[in-house]
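Visitor: Provided herewith: coords25.cif, mmCIF, C-alpha atoms, pLDDT in the B column; chains and numbers go by the auth columns.
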```cif
data_coords
#
loop_
_atom_site.group_PDB
_atom_site.id
_atom_site.type_symbol
_atom_site.label_atom_id
_atom_site.label_comp_id
_atom_site.label_asym_id
_atom_site.label_seq_id
_atom_site.Cartn_x
_atom_site.Cartn_y
_atom_site.Cartn_z
_atom_site.B_iso_or_equiv
_atom_site.auth_seq_id
_atom_site.auth_asym_id
ATOM 1 C CA MET A 1 236.299 56.186 41.756 90.00 1 A
ATOM 2 C CA ILE A 2 235.977 57.056 45.446 97.00 2 A
ATOM 3 C CA THR A 3 232.603 58.158 46.789 98.00 3 A
ATOM 4 C CA ILE A 4 232.377 59.598 50.317 98.00 4 A
ATOM 5 C CA ARG A 5 229.135 60.802 51.885 98.00 5 A
ATOM 6 C CA VAL A 6 227.874 61.750 55.340 98.00 6 A
ATOM 7 C CA GLN A 7 224.091 62.078 55.406 98.00 7 A
ATOM 8 C CA ASP A 8 221.075 61.897 57.708 98.00 8 A
ATOM 9 C CA THR A 9 218.913 60.055 55.174 98.00 9 A
ATOM 10 C CA ASP A 10 219.022 56.322 54.492 98.00 10 A
ATOM 11 C CA PHE A 11 221.078 54.847 51.641 98.00 11 A
ATOM 12 C CA ASP A 12 219.964 52.429 48.942 98.00 12 A
ATOM 13 C CA LEU A 13 222.409 49.536 48.620 97.00 13 A
ATOM 14 C CA GLY A 14 221.244 48.655 45.113 97.00 14 A
ATOM 15 C CA ALA A 15 221.597 52.212 43.872 98.00 15 A
ATOM 16 C CA GLU A 16 225.078 52.562 45.411 98.00 16 A
ATOM 17 C CA LEU A 17 226.180 49.273 43.851 97.00 17 A
ATOM 18 C CA ALA A 18 224.827 50.332 40.458 97.00 18 A
ATOM 19 C CA ALA A 19 226.615 53.691 40.664 97.00 19 A
ATOM 20 C CA LEU A 20 229.893 51.989 41.594 97.00 20 A
ATOM 21 C CA THR A 21 229.804 49.549 38.686 97.00 21 A
ATOM 22 C CA ALA A 22 228.114 51.643 35.962 96.00 22 A
ATOM 23 C CA GLY A 23 229.925 51.250 32.654 95.00 23 A
ATOM 24 C CA ARG A 24 232.681 49.114 34.193 95.00 24 A
ATOM 25 C CA THR A 25 233.817 45.730 32.889 96.00 25 A
ATOM 26 C CA ASP A 26 237.127 45.526 34.757 97.00 26 A
ATOM 27 C CA ILE A 27 235.617 44.785 38.173 97.00 27 A
ATOM 28 C CA GLY A 28 235.679 41.128 39.232 97.00 28 A
ATOM 29 C CA GLY A 29 234.361 41.370 42.786 98.00 29 A
ATOM 30 C CA ILE A 30 232.745 43.799 45.199 98.00 30 A
ATOM 31 C CA GLY A 31 233.002 43.528 48.961 98.00 31 A
ATOM 32 C CA CYS A 32 230.107 44.946 50.955 98.00 32 A
ATOM 33 C CA PHE A 33 229.565 45.781 54.618 98.00 33 A
ATOM 34 C CA VAL A 34 226.369 47.319 56.009 98.00 34 A
ATOM 35 C CA GLY A 35 226.312 48.318 59.678 97.00 35 A
ATOM 36 C CA THR A 36 222.893 48.530 61.357 97.00 36 A
ATOM 37 C CA VAL A 37 221.491 49.618 64.733 95.00 37 A
ATOM 38 C CA ARG A 38 221.408 46.552 66.958 90.00 38 A
ATOM 39 C CA ALA A 39 218.982 46.354 69.885 84.00 39 A
ATOM 40 C CA ASP A 40 220.333 43.819 72.354 79.00 40 A
ATOM 41 C CA PRO A 41 217.598 41.896 74.195 76.00 41 A
ATOM 42 C CA ALA A 42 215.744 43.052 77.316 76.00 42 A
ATOM 43 C CA PRO A 43 215.709 44.188 80.069 85.00 43 A
ATOM 44 C CA ASN A 44 216.471 47.649 78.670 88.00 44 A
ATOM 45 C CA PRO A 45 217.091 47.453 74.931 90.00 45 A
ATOM 46 C CA VAL A 46 218.378 50.227 72.722 92.00 46 A
ATOM 47 C CA THR A 47 215.555 52.013 70.886 93.00 47 A
ATOM 48 C CA ALA A 48 217.687 54.453 68.876 95.00 48 A
ATOM 49 C CA LEU A 49 221.219 55.656 68.229 96.00 49 A
ATOM 50 C CA MET A 50 222.217 59.311 67.910 97.00 50 A
ATOM 51 C CA LEU A 51 225.234 59.790 65.660 98.00 51 A
ATOM 52 C CA GLU A 52 227.324 62.952 65.960 98.00 52 A
ATOM 53 C CA HIS A 53 230.344 63.875 63.826 98.00 53 A
ATOM 54 C CA TYR A 54 232.909 66.578 63.110 98.00 54 A
ATOM 55 C CA PRO A 55 231.852 68.135 59.782 97.00 55 A
ATOM 56 C CA GLY A 56 234.817 68.720 57.498 97.00 56 A
ATOM 57 C CA MET A 57 237.246 66.507 59.401 98.00 57 A
ATOM 58 C CA THR A 58 234.915 63.522 58.993 98.00 58 A
ATOM 59 C CA GLU A 59 234.863 63.683 55.212 97.00 59 A
ATOM 60 C CA ALA A 60 238.635 64.267 55.060 97.00 60 A
ATOM 61 C CA ALA A 61 239.306 61.314 57.367 97.00 61 A
ATOM 62 C CA MET A 62 236.977 59.051 55.367 98.00 62 A
ATOM 63 C CA ARG A 63 238.665 60.067 52.124 98.00 63 A
ATOM 64 C CA ALA A 64 242.134 59.432 53.561 97.00 64 A
ATOM 65 C CA ILE A 65 241.048 55.947 54.705 98.00 65 A
ATOM 66 C CA ALA A 66 239.503 55.198 51.293 98.00 66 A
ATOM 67 C CA GLU A 67 242.604 56.399 49.430 98.00 67 A
ATOM 68 C CA GLN A 68 244.808 54.210 51.610 98.00 68 A
ATOM 69 C CA ALA A 69 242.640 51.161 50.868 98.00 69 A
ATOM 70 C CA ALA A 70 242.529 51.986 47.161 98.00 70 A
ATOM 71 C CA ALA A 71 246.317 52.112 46.975 98.00 71 A
ATOM 72 C CA ARG A 72 246.945 49.030 49.131 98.00 72 A
ATOM 73 C CA TRP A 73 244.455 46.714 47.364 98.00 73 A
ATOM 74 C CA SER A 74 244.458 48.325 43.891 98.00 74 A
ATOM 75 C CA LEU A 75 240.755 49.040 44.210 98.00 75 A
ATOM 76 C CA LEU A 76 238.780 49.892 41.091 98.00 76 A
ATOM 77 C CA GLY A 77 236.168 51.752 43.139 97.00 77 A
ATOM 78 C CA CYS A 78 235.144 52.419 46.710 98.00 78 A
ATOM 79 C CA THR A 79 232.006 53.827 48.354 98.00 79 A
ATOM 80 C CA LEU A 80 231.730 54.954 51.976 98.00 80 A
ATOM 81 C CA VAL A 81 228.402 56.302 53.243 98.00 81 A
ATOM 82 C CA HIS A 82 227.908 57.073 56.941 98.00 82 A
ATOM 83 C CA ARG A 83 224.649 58.266 58.417 98.00 83 A
ATOM 84 C CA VAL A 84 224.331 60.801 61.255 98.00 84 A
ATOM 85 C CA GLY A 85 221.426 62.033 63.373 98.00 85 A
ATOM 86 C CA THR A 86 218.874 59.856 65.147 98.00 86 A
ATOM 87 C CA LEU A 87 218.635 56.286 63.825 97.00 87 A
ATOM 88 C CA ALA A 88 215.962 53.841 64.989 96.00 88 A
ATOM 89 C CA ARG A 89 216.857 50.252 65.869 93.00 89 A
ATOM 90 C CA GLY A 90 217.280 48.161 62.763 94.00 90 A
ATOM 91 C CA ALA A 91 218.195 51.221 60.663 97.00 91 A
ATOM 92 C CA ASN A 92 221.243 51.346 58.413 98.00 92 A
ATOM 93 C CA ILE A 93 224.249 53.213 59.849 98.00 93 A
ATOM 94 C CA VAL A 94 227.146 52.709 57.470 98.00 94 A
ATOM 95 C CA LEU A 95 227.863 51.314 54.013 98.00 95 A
ATOM 96 C CA VAL A 96 231.223 50.124 52.709 98.00 96 A
ATOM 97 C CA LEU A 97 231.670 48.939 49.125 98.00 97 A
ATOM 98 C CA ALA A 98 235.071 47.962 47.724 98.00 98 A
ATOM 99 C CA ALA A 99 235.463 46.908 44.086 98.00 99 A
ATOM 100 C CA ALA A 100 238.532 45.073 42.810 98.00 100 A
ATOM 101 C CA ALA A 101 239.614 42.748 40.025 98.00 101 A
ATOM 102 C CA HIS A 102 239.586 39.745 42.393 97.00 102 A
ATOM 103 C CA ARG A 103 237.636 38.721 45.490 97.00 103 A
ATOM 104 C CA GLN A 104 240.427 38.603 48.057 98.00 104 A
ATOM 105 C CA ALA A 105 241.369 42.238 47.517 98.00 105 A
ATOM 106 C CA ALA A 106 237.702 43.289 47.610 98.00 106 A
ATOM 107 C CA LEU A 107 237.013 41.372 50.835 98.00 107 A
ATOM 108 C CA ASP A 108 240.216 42.426 52.613 98.00 108 A
ATOM 109 C CA ALA A 109 239.714 46.078 51.649 98.00 109 A
ATOM 110 C CA THR A 110 236.142 45.946 52.978 98.00 110 A
ATOM 111 C CA GLY A 111 237.376 44.634 56.338 98.00 111 A
ATOM 112 C CA PHE A 112 240.087 47.267 56.502 98.00 112 A
ATOM 113 C CA LEU A 113 237.685 50.076 55.600 98.00 113 A
ATOM 114 C CA ILE A 114 235.120 49.290 58.297 97.00 114 A
ATOM 115 C CA ASP A 115 237.783 48.592 60.947 96.00 115 A
ATOM 116 C CA TRP A 116 239.497 51.904 60.249 96.00 116 A
ATOM 117 C CA LEU A 117 236.248 53.854 59.939 97.00 117 A
ATOM 118 C CA LYS A 118 235.326 52.665 63.421 95.00 118 A
ATOM 119 C CA THR A 119 238.611 53.759 64.958 94.00 119 A
ATOM 120 C CA ARG A 120 239.859 56.698 62.852 95.00 120 A
ATOM 121 C CA ALA A 121 236.871 58.732 61.667 97.00 121 A
ATOM 122 C CA PRO A 122 235.363 61.308 64.054 98.00 122 A
ATOM 123 C CA PHE A 123 231.901 59.894 64.753 98.00 123 A
ATOM 124 C CA TRP A 124 230.341 59.369 68.182 98.00 124 A
ATOM 125 C CA LYS A 125 227.335 57.242 69.086 97.00 125 A
ATOM 126 C CA LYS A 126 224.886 57.831 71.898 97.00 126 A
ATOM 127 C CA GLU A 127 222.381 55.117 72.758 95.00 127 A
ATOM 128 C CA ARG A 128 218.798 55.773 73.826 94.00 128 A
ATOM 129 C CA PHE A 129 217.188 52.991 75.853 93.00 129 A
ATOM 130 C CA ALA A 130 213.638 51.747 76.280 91.00 130 A
ATOM 131 C CA ASP A 131 213.445 53.265 79.804 93.00 131 A
ATOM 132 C CA GLY A 132 214.230 56.723 78.358 92.00 132 A
ATOM 133 C CA GLY A 133 217.862 56.779 79.520 94.00 133 A
ATOM 134 C CA GLU A 134 220.765 57.720 77.279 96.00 134 A
ATOM 135 C CA ALA A 135 224.458 56.856 77.312 95.00 135 A
ATOM 136 C CA TRP A 136 227.465 57.545 75.104 96.00 136 A
ATOM 137 C CA VAL A 137 228.928 54.405 73.581 94.00 137 A
ATOM 138 C CA GLU A 138 232.434 53.757 74.867 91.00 138 A
ATOM 139 C CA ALA A 139 235.257 52.877 72.515 88.00 139 A
ATOM 140 C CA ARG A 140 236.034 49.145 72.632 86.00 140 A
ATOM 141 C CA ALA A 141 239.478 47.621 72.879 86.00 141 A
ATOM 142 C CA ALA A 142 238.261 44.926 70.464 88.00 142 A
ATOM 143 C CA ASP A 143 237.771 47.588 67.778 88.00 143 A
ATOM 144 C CA ASP A 144 241.333 48.839 68.252 87.00 144 A
ATOM 145 C CA ALA A 145 242.583 45.259 68.066 88.00 145 A
ATOM 146 C CA ALA A 146 240.611 44.686 64.856 89.00 146 A
ATOM 147 C CA ALA A 147 242.053 47.862 63.341 89.00 147 A
ATOM 148 C CA SER A 148 245.605 47.012 64.372 89.00 148 A
ATOM 149 C CA ARG A 149 245.625 43.766 62.363 90.00 149 A
ATOM 150 C CA TRP A 150 245.926 45.901 59.203 89.00 150 A
ATOM 151 C CA VAL A 151 249.056 47.764 60.344 86.00 151 A
ATOM 152 C CA MET B 1 241.402 80.500 68.498 96.00 1 B
ATOM 153 C CA ARG B 2 238.294 78.445 67.896 98.00 2 B
ATOM 154 C CA ILE B 3 237.753 75.537 70.306 98.00 3 B
ATOM 155 C CA LEU B 4 235.255 72.771 69.451 98.00 4 B
ATOM 156 C CA TYR B 5 233.830 70.085 71.729 98.00 5 B
ATOM 157 C CA PHE B 6 232.073 66.886 70.712 98.00 6 B
ATOM 158 C CA ALA B 7 229.976 64.170 72.387 98.00 7 B
ATOM 159 C CA TRP B 8 230.183 64.117 76.198 97.00 8 B
ATOM 160 C CA LEU B 9 232.847 66.804 76.275 97.00 9 B
ATOM 161 C CA ARG B 10 230.344 69.136 74.584 98.00 10 B
ATOM 162 C CA GLU B 11 227.689 68.198 77.131 97.00 11 B
ATOM 163 C CA ARG B 12 229.984 68.749 80.113 97.00 12 B
ATOM 164 C CA VAL B 13 231.415 72.057 78.879 97.00 13 B
ATOM 165 C CA GLY B 14 227.904 73.168 77.925 97.00 14 B
ATOM 166 C CA THR B 15 228.762 74.500 74.473 97.00 15 B
ATOM 167 C CA ALA B 16 229.807 73.068 71.107 98.00 16 B
ATOM 168 C CA GLU B 17 232.314 75.817 70.396 97.00 17 B
ATOM 169 C CA GLU B 18 233.928 78.885 71.866 97.00 18 B
ATOM 170 C CA GLU B 19 236.421 81.519 70.795 97.00 19 B
ATOM 171 C CA VAL B 20 239.341 81.986 73.186 96.00 20 B
ATOM 172 C CA ALA B 21 242.244 84.438 73.405 95.00 21 B
ATOM 173 C CA LEU B 22 245.183 82.386 74.603 94.00 22 B
ATOM 174 C CA PRO B 23 247.831 83.693 76.997 94.00 23 B
ATOM 175 C CA ALA B 24 251.212 83.773 75.254 92.00 24 B
ATOM 176 C CA GLU B 25 252.614 80.950 77.397 95.00 25 B
ATOM 177 C CA ILE B 26 250.073 78.389 76.067 97.00 26 B
ATOM 178 C CA ALA B 27 252.071 76.814 73.243 97.00 27 B
ATOM 179 C CA THR B 28 250.966 73.165 73.000 97.00 28 B
ATOM 180 C CA VAL B 29 247.796 71.056 72.994 97.00 29 B
ATOM 181 C CA GLY B 30 248.626 69.716 76.462 96.00 30 B
ATOM 182 C CA GLN B 31 249.008 73.232 77.859 97.00 31 B
ATOM 183 C CA LEU B 32 245.781 74.321 76.175 97.00 32 B
ATOM 184 C CA ARG B 33 243.920 71.382 77.712 96.00 33 B
ATOM 185 C CA ALA B 34 245.126 72.284 81.214 95.00 34 B
ATOM 186 C CA TRP B 35 244.276 75.944 80.668 97.00 35 B
ATOM 187 C CA LEU B 36 240.778 75.177 79.380 97.00 36 B
ATOM 188 C CA ALA B 37 240.142 72.880 82.358 96.00 37 B
ATOM 189 C CA GLY B 38 240.527 75.927 84.605 96.00 38 B
ATOM 190 C CA ARG B 39 237.797 77.954 82.889 95.00 39 B
ATOM 191 C CA GLY B 40 234.945 76.610 85.026 95.00 40 B
ATOM 192 C CA PRO B 41 233.361 73.544 86.610 97.00 41 B
ATOM 193 C CA GLY B 42 231.947 72.266 83.290 97.00 42 B
ATOM 194 C CA HIS B 43 235.342 72.516 81.636 97.00 43 B
ATOM 195 C CA ALA B 44 236.987 70.872 84.641 97.00 44 B
ATOM 196 C CA ALA B 45 234.515 67.960 84.416 96.00 45 B
ATOM 197 C CA ALA B 46 235.131 67.598 80.678 96.00 46 B
ATOM 198 C CA PHE B 47 238.894 67.351 81.134 95.00 47 B
ATOM 199 C CA ALA B 48 238.855 65.424 84.408 93.00 48 B
ATOM 200 C CA LEU B 49 240.083 62.245 82.689 84.00 49 B
ATOM 201 C CA PRO B 50 242.812 63.559 80.362 71.00 50 B
ATOM 202 C CA GLY B 51 243.759 60.027 79.291 83.00 51 B
ATOM 203 C CA VAL B 52 240.478 59.555 77.425 90.00 52 B
ATOM 204 C CA VAL B 53 240.286 63.000 75.787 95.00 53 B
ATOM 205 C CA ARG B 54 241.378 63.064 72.150 96.00 54 B
ATOM 206 C CA CYS B 55 242.321 66.121 70.127 97.00 55 B
ATOM 207 C CA ALA B 56 242.391 67.385 66.558 98.00 56 B
ATOM 208 C CA VAL B 57 244.337 70.446 65.455 98.00 57 B
ATOM 209 C CA ASP B 58 243.005 72.092 62.296 97.00 58 B
ATOM 210 C CA GLN B 59 241.008 68.892 61.704 97.00 59 B
ATOM 211 C CA GLU B 60 243.888 66.404 62.064 96.00 60 B
ATOM 212 C CA PHE B 61 244.416 64.116 65.059 96.00 61 B
ATOM 213 C CA ALA B 62 247.097 65.543 67.341 97.00 62 B
ATOM 214 C CA GLY B 63 248.879 64.582 70.558 95.00 63 B
ATOM 215 C CA PRO B 64 249.604 66.746 73.620 95.00 64 B
ATOM 216 C CA GLU B 65 252.990 67.877 72.308 96.00 65 B
ATOM 217 C CA ARG B 66 251.525 69.394 69.136 97.00 66 B
ATOM 218 C CA SER B 67 252.414 73.073 68.761 97.00 67 B
ATOM 219 C CA LEU B 68 249.617 75.632 68.502 97.00 68 B
ATOM 220 C CA ALA B 69 251.643 78.065 66.376 95.00 69 B
ATOM 221 C CA GLY B 70 249.489 79.355 63.518 95.00 70 B
ATOM 222 C CA VAL B 71 246.574 77.087 64.467 96.00 71 B
ATOM 223 C CA ARG B 72 242.992 78.269 63.884 96.00 72 B
ATOM 224 C CA GLU B 73 240.866 75.437 65.270 98.00 73 B
ATOM 225 C CA VAL B 74 241.335 72.853 68.035 98.00 74 B
ATOM 226 C CA ALA B 75 238.757 70.171 68.825 98.00 75 B
ATOM 227 C CA PHE B 76 238.466 67.957 71.902 98.00 76 B
ATOM 228 C CA PHE B 77 236.417 64.761 71.983 97.00 77 B
ATOM 229 C CA PRO B 78 236.236 61.212 73.381 96.00 78 B
ATOM 230 C CA PRO B 79 237.636 58.216 71.488 96.00 79 B
ATOM 231 C CA VAL B 80 235.624 57.794 68.289 96.00 80 B
ATOM 232 C CA THR B 81 232.791 55.242 68.090 96.00 81 B
ATOM 233 C CA GLY B 82 231.466 55.358 64.530 94.00 82 B
ATOM 234 C CA GLY B 83 230.923 52.570 62.047 91.00 83 B
#
```
Would you mind writing the file's structure down as structure tokens?

Guide:
Amino acid sequence: MITIRVQDTDFDLGAELAALTAGRTDIGGIGCFVGTVRADPAPNPVTALMLEHYPGMTEAAMRAIAEQAAARWSLLGCTLVHRVGTLARGANIVLVLAAAAHRQAALDATGFLIDWLKTRAPFWKKERFADGGEAWVEARAADDAAASRWV
Amino acid sequence: MRILYFAWLRERVGTAEEEVALPAEIATVGQLRAWLAGRGPGHAAAFALPGVVRCAVDQEFAGPERSLAGVREVAFFPPVTGG
């Protein structure tokens, strides 16, 4: 079962986990990643993130990534939830859940899913700072390097 | 053809989307990008660094050689930064 959602509201980790595992007895492990809005220390910390996306393409790209993970690690279930809109510091941004028969597949699939979401799904972040300034987040070479380890 | 812009490309162009009638000689993504850059100062600023502008054709990532034949929607945007 693959669940893909893009939403402006928060997600409930417990509810997502319960939905993923409801009625299942074949799952042996679930990998989980939750991304949150980090506010690096002063002098001018981030106060909020604004998340923009490409409706339609985003969901298709997320589904393609999830289907690739499901096939590669024989996943028994997968949940990807990504928030958009204005998110305050500390807020949840993204949820990845990957369920498998054994832990290594669940953990590896979780790493793959977040690495590929960051580099292959059409989302863009803009930071708002304490002094009122704003700046688009630039893509990081480290994210591309993290994604390339799965190729 | 429908052209979409996201993130700082949208801000520089000044609109999220526009409908354009392409001259017959514009056949690829690369040619479209160069043609759009000539539409005004905002467009020129958006496409000033072609190496960092990414593209999707009918909602799939595409390179500059991608043909525009039969295409309905082309989007331009910076490298993605989700997750």

Visitor: Using only C-alpha atoms, tabulate the residues of chain A lying at most 6 Å from any atom of chain B, each with its closest atom pair and that distance in Å to one decimal, by chain and increasing residue number, as a Markdown table.

Guide:
```
| residue | atom | partner | partner_atom | distance |
| --- | --- | --- | --- | --- |
| A:Met57 | CA | B:Gln59 | CA | 5.0 |
| A:Val94 | CA | B:Gly83 | CA | 5.9 |
| A:Leu117 | CA | B:Gly83 | CA | 5.9 |
| A:Lys118 | CA | B:Gly83 | CA | 4.6 |
| A:Pro122 | CA | B:Val80 | CA | 5.5 |
| A:Phe123 | CA | B:Gly82 | CA | 4.6 |
| A:Trp124 | CA | B:Thr81 | CA | 4.8 |
| A:Lys125 | CA | B:Thr81 | CA | 5.9 |
| A:Ala139 | CA | B:Thr81 | CA | 5.6 |
```

Visitor: Enumerate, as a PyMOL selection string, the residues matched when the PyMOL selection byres ((chain B and resi 66) around 12) is run on the file above.

Guide: chain B and resi 26-33+55-58+60-65+67-71+74

Visitor: Mind pulling up the distance from atom CA of Leu80 of chain A to atom CA of Ile27 of chain A?

Guide: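 Computing it gives 17.6 Å between the two atoms.
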
Visitor: Which residues match the PyMOL selection byres ((chain A and resi 147) around 8) in the file above, as a list in words?

Guide: Phe112, Asp115, Trp116, Thr119, Asp143, Asp144, Ala145, Ala146, Ser148, Arg149, Trp150 and Val151 of chain A

Visitor: Mind pulling up the distance from atom CA of Ala19 of chain A to atom CA of Gly56 of chain A?

Guide: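 Going from atom CA of Gly56 of chain A over to atom CA of Ala19 of chain A, I get 24.0 Å.
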